[in-house]
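Participant: Take a look at this one; I'll ask things after.
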Amino acid sequence: MSGSTITQLQRHSCTPSRAARELGLKRSEFDLAVHLGQIRTIPDEGGGGRRVASVEIDRLRATDGFPDSLRQRVRLVGTTEGAKAMKVPVGRFTRLARLGLYSPVRFYLNRYRAVVWLYLAEELEQFTTVEKNTPLLTARRMPEGLRDMLDEGVDLRARNWRQRHRGFLLRLAEDPWESAGVLAAFLGSVQIAEIVPDPYERSHLLRFQPGPPTHGTQGTPAAHLIEKIMTADHPDEIEWLRTELTRVLEDARSLRPAPRPTARRTPSARPQDTPTPQEEPARGLLGWLRRRSA
């Protein structure tokens with residue numbers, strides 16, 4: 001998209017809060033719609049962040065079934081409601097989710113600090129319409145290979161959420177430094193230090209690192225749990241992130257090297273004879289009086 005086109009769209013655009021009202025969505029529903037690519041946004045060149053062009057709002061309003069159809073596409077359900085929508089027991093729903101057969105799009109911690117995963121109702125309904133999935137929903141026992149994975153403790157919910165959330169953040173990144181910051185957000189500090197040993201470059205990179213989508217008070221068990229969910233923990237996932245971060249950093253350095261402090265220059269002393277006490281200029285009030293009387 002050219003700069004002139006973006007400028008024209010900027011003139012006829014509104015803030016996310018205003019756009020949510022125009023579309024009849026709660027702000028959380030609006031943010032999810034942007035996350036899923038249902039609503040297109042443009043950069044806010046004036047103050048950072050994102051805006052929504054008027055033509056995009058008009059496009060959405062013109063779709064069939066608006067606004068109910070848009071709300072349905074962003075409707076979230078938890079485990080109990082999801083199991084009911086798929087007509088399976090809650091236990092089976094959870095096992096299928098742990099196997100990564102459908103992915104959560106959000107999570108939060110309840111008052112007991114348990115992770116509550118949220119799923120798109122539309123995706124769950126689509127899962128039930130695929131013929132090859134019928135045995136997974138109706139068979140008395142899970143297939144042997146899947147049972148073995150569950151017995152080994154496989155749980156792909158956090159990994160699948162990270163992959164989904166990372167894709168959303170990378171779509172919003174506007175240059176290689178922002179993309180590198182997104183990738184770094186899913187790696188631990190030790191991994192980042194190994195990939196970016198230069199402290200100035202590492203500090204610059206972390207400026208572009210987005211925080212988690214949900215927060216806990218720093219240093220609390222909730223904050224540690226959220227950080228654990230955000231951080232890649234499988235060797236394949238870690239290796240992919242390290243490789244991608246290394247590649248994107250090369251592009252970022254070519255575009256704009258990380259800033260670093262400029263060394264101060266100290267003026268070199270000119271070689272001269274050491275003055276005698278008589279030659280050495282007097283200082284302070286006494287020197288000023290002597291110069292006046294000379």
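The way I read the labels, and the way they are meant: chains A, B, ... in the order of the structure tokens, residue 1 as the first residue of every chain, and ligand 1 as the first ligand shown, with later ones counted on from there.
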May I have the residues within 12 Å of Leu101 in chain A as a PyMOL selection string, using only C-alpha atoms and disregarding those fewer than 5 positions away in the same chain?

Facilitator: chain A and resi 92-96+119+123-124+126-128+133+136-137+146+155-157+160

Participant: Where does DSSP see strand (DSSP E) in range 52-191 of chain A, if you list the residues as an MDAnalysis selection string?

Facilitator: chainID A and resid 52:53 76:77 106:109 115:120

Participant: Hey, could you make a per-residue contact list for range 90-205 of chain A against range 23-43 of chain A with 10 Å as the cut-off, showing the nearest pair of atoms and its distance in Å to one decimal, counting only C-alpha atoms, sorted by chain and number, as a tab-separated table?

Facilitator:
residue	atom	partner	partner_atom	distance
A:Val105	CA	A:Leu32	CA	8.6
A:Arg106	CA	A:Leu32	CA	9.0
A:Arg164	CA	A:Leu36	CA	9.2
A:His165	CA	A:His35	CA	8.0
A:Gly167	CA	A:His35	CA	9.0
A:Phe168	CA	A:His35	CA	5.6
A:Leu169	CA	A:His35	CA	8.2
A:Arg171	CA	A:His35	CA	9.1
A:Leu172	CA	A:Pro43	CA	8.9
A:Glu174	CA	A:Pro43	CA	8.8

Participant: What does the distance between CA of Ser189 in chain A and CA of Thr231 in chain A come to in Å, to one decimal place?

Facilitator: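 Straight-line distance from CA of Ser189 in chain A to CA of Thr231 in chain A works out to 9.7 Å.
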
Participant: So, counting only C-alpha atoms, which residue among A:Ala258, A:Pro89, A:Val115, A:Glu125 is closest to Arg73 in chain A?

Facilitator: A:Glu125

Participant: Just give me the gap between CA of Pro16 in chain A and CA of Gly181 in chain A in Å, one decimal is fine.

Facilitator: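 Taking CA of Pro16 in chain A and CA of Gly181 in chain A, their separation equals 23.3 Å.
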
Participant: Nearest to Asp198 in chain A: which of A:Gly91, A:Gly82, A:Pro257, A:Pro67 is it, counting only C-alpha atoms?

Facilitator: A:Pro257

Participant: Just the residues within 12 Å of His204 in chain A, please, counting only C-alpha atoms, with nothing from its chain fewer than 6 positions along; format it as number ranges by chain.

Facilitator: A: 177-178, 180-181, 184, 196, 198, 249, 252-253, 256-260

Participant: Put those residues in a file: N, CA and C atoms, as an mmCIF file, in the first residue's frame.

Facilitator:
data_model
loop_
_atom_site.group_PDB
_atom_site.id
_atom_site.type_symbol
_atom_site.label_atom_id
_atom_site.label_comp_id
_atom_site.auth_asym_id
_atom_site.auth_seq_id
_atom_site.Cartn_x
_atom_site.Cartn_y
_atom_site.Cartn_z
ATOM 1 N N TRP A 177 12.614 -4.874 12.695
ATOM 2 C CA TRP A 177 12.846 -4.787 14.130
ATOM 3 C C TRP A 177 11.600 -5.180 14.911
ATOM 4 N N GLU A 178 10.436 -4.768 14.433
ATOM 5 C CA GLU A 178 9.191 -5.150 15.106
ATOM 6 C C GLU A 178 8.954 -6.656 14.980
ATOM 7 N N ALA A 180 11.284 -8.913 14.674
ATOM 8 C CA ALA A 180 12.251 -9.551 15.574
ATOM 9 C C ALA A 180 11.772 -9.477 17.021
ATOM 10 N N GLY A 181 11.182 -8.348 17.395
ATOM 11 C CA GLY A 181 10.648 -8.212 18.749
ATOM 12 C C GLY A 181 9.548 -9.212 19.033
ATOM 13 N N ALA A 184 11.141 -12.614 19.557
ATOM 14 C CA ALA A 184 11.841 -12.658 20.844
ATOM 15 C C ALA A 184 10.874 -12.805 22.009
ATOM 16 N N VAL A 196 21.616 -12.809 20.658
ATOM 17 C CA VAL A 196 21.978 -11.389 20.575
ATOM 18 C C VAL A 196 22.916 -11.071 21.741
ATOM 19 N N ASP A 198 25.290 -8.852 21.984
ATOM 20 C CA ASP A 198 25.587 -7.429 22.166
ATOM 21 C C ASP A 198 24.521 -6.776 23.047
ATOM 22 N N LEU A 249 16.800 -10.695 12.240
ATOM 23 C CA LEU A 249 17.746 -9.713 12.772
ATOM 24 C C LEU A 249 18.739 -9.249 11.709
ATOM 25 N N ALA A 252 16.960 -6.642 9.938
ATOM 26 C CA ALA A 252 16.807 -5.457 10.785
ATOM 27 C C ALA A 252 18.107 -4.653 10.834
ATOM 28 N N ARG A 253 19.248 -5.345 10.967
ATOM 29 C CA ARG A 253 20.537 -4.649 11.021
ATOM 30 C C ARG A 253 20.823 -3.932 9.713
ATOM 31 N N ARG A 256 18.456 -0.777 9.712
ATOM 32 C CA ARG A 256 18.772 0.263 10.687
ATOM 33 C C ARG A 256 19.520 -0.367 11.846
ATOM 34 N N PRO A 257 20.825 -0.164 11.931
ATOM 35 C CA PRO A 257 21.583 -0.756 13.050
ATOM 36 C C PRO A 257 21.053 -0.249 14.394
ATOM 37 N N ALA A 258 21.207 -1.058 15.408
ATOM 38 C CA ALA A 258 20.774 -0.656 16.742
ATOM 39 C C ALA A 258 21.623 0.517 17.225
ATOM 40 N N PRO A 259 20.999 1.509 17.847
ATOM 41 C CA PRO A 259 21.783 2.654 18.349
ATOM 42 C C PRO A 259 22.663 2.245 19.514
ATOM 43 N N ARG A 260 23.760 2.932 19.643
ATOM 44 C CA ARG A 260 24.663 2.680 20.756
ATOM 45 C C ARG A 260 25.288 4.014 21.163
#

Participant: Compare A:Ala19, A:Ala139, A:Cys14, A:Ala97 by their minimum atom-to-atom distance to Arg61 in chain A, counting only C-alpha atoms, and give me the closest one.

Facilitator: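 For Arg61 in chain A, the nearest of the given residues is A:Ala19.
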
Participant: Once DSSP has gone over the backbone, tell me which residues of range 133-272 of chain A are in alpha helix (DSSP H), as a ChimeraX atom specification.

Facilitator: /A:134-138,144-151,157-172,176-184,189-195,199-207,221-230,235-255

Participant: Per residue of range 107-190 of chain A within 10 Å of range 223-226 of chain A, record the nearest atom pair and its distance in Å to one decimal, counting only C-alpha atoms, with rows in chain order and ascending residue number, as a Markdown table.

Facilitator:
| residue | atom | partner | partner_atom | distance |
| --- | --- | --- | --- | --- |
| A:Phe107 | CA | A:Ile226 | CA | 9.5 |
| A:Tyr108 | CA | A:Ile226 | CA | 8.8 |
| A:Leu109 | CA | A:Ile226 | CA | 8.5 |
| A:Arg113 | CA | A:Leu225 | CA | 8.4 |
| A:Ala114 | CA | A:Leu225 | CA | 9.3 |
| A:Val115 | CA | A:Leu225 | CA | 8.8 |

Participant: Go through A:Asp175, A:Glu56, A:Glu152, A:Glu131 one by one, measure the shortest atom-to-atom distance of each to Ser254 in chain A using only C-alpha atoms, and give the residue with the smallest value.

Facilitator: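 Smallest distance to Ser254 in chain A is found for A:Asp175.
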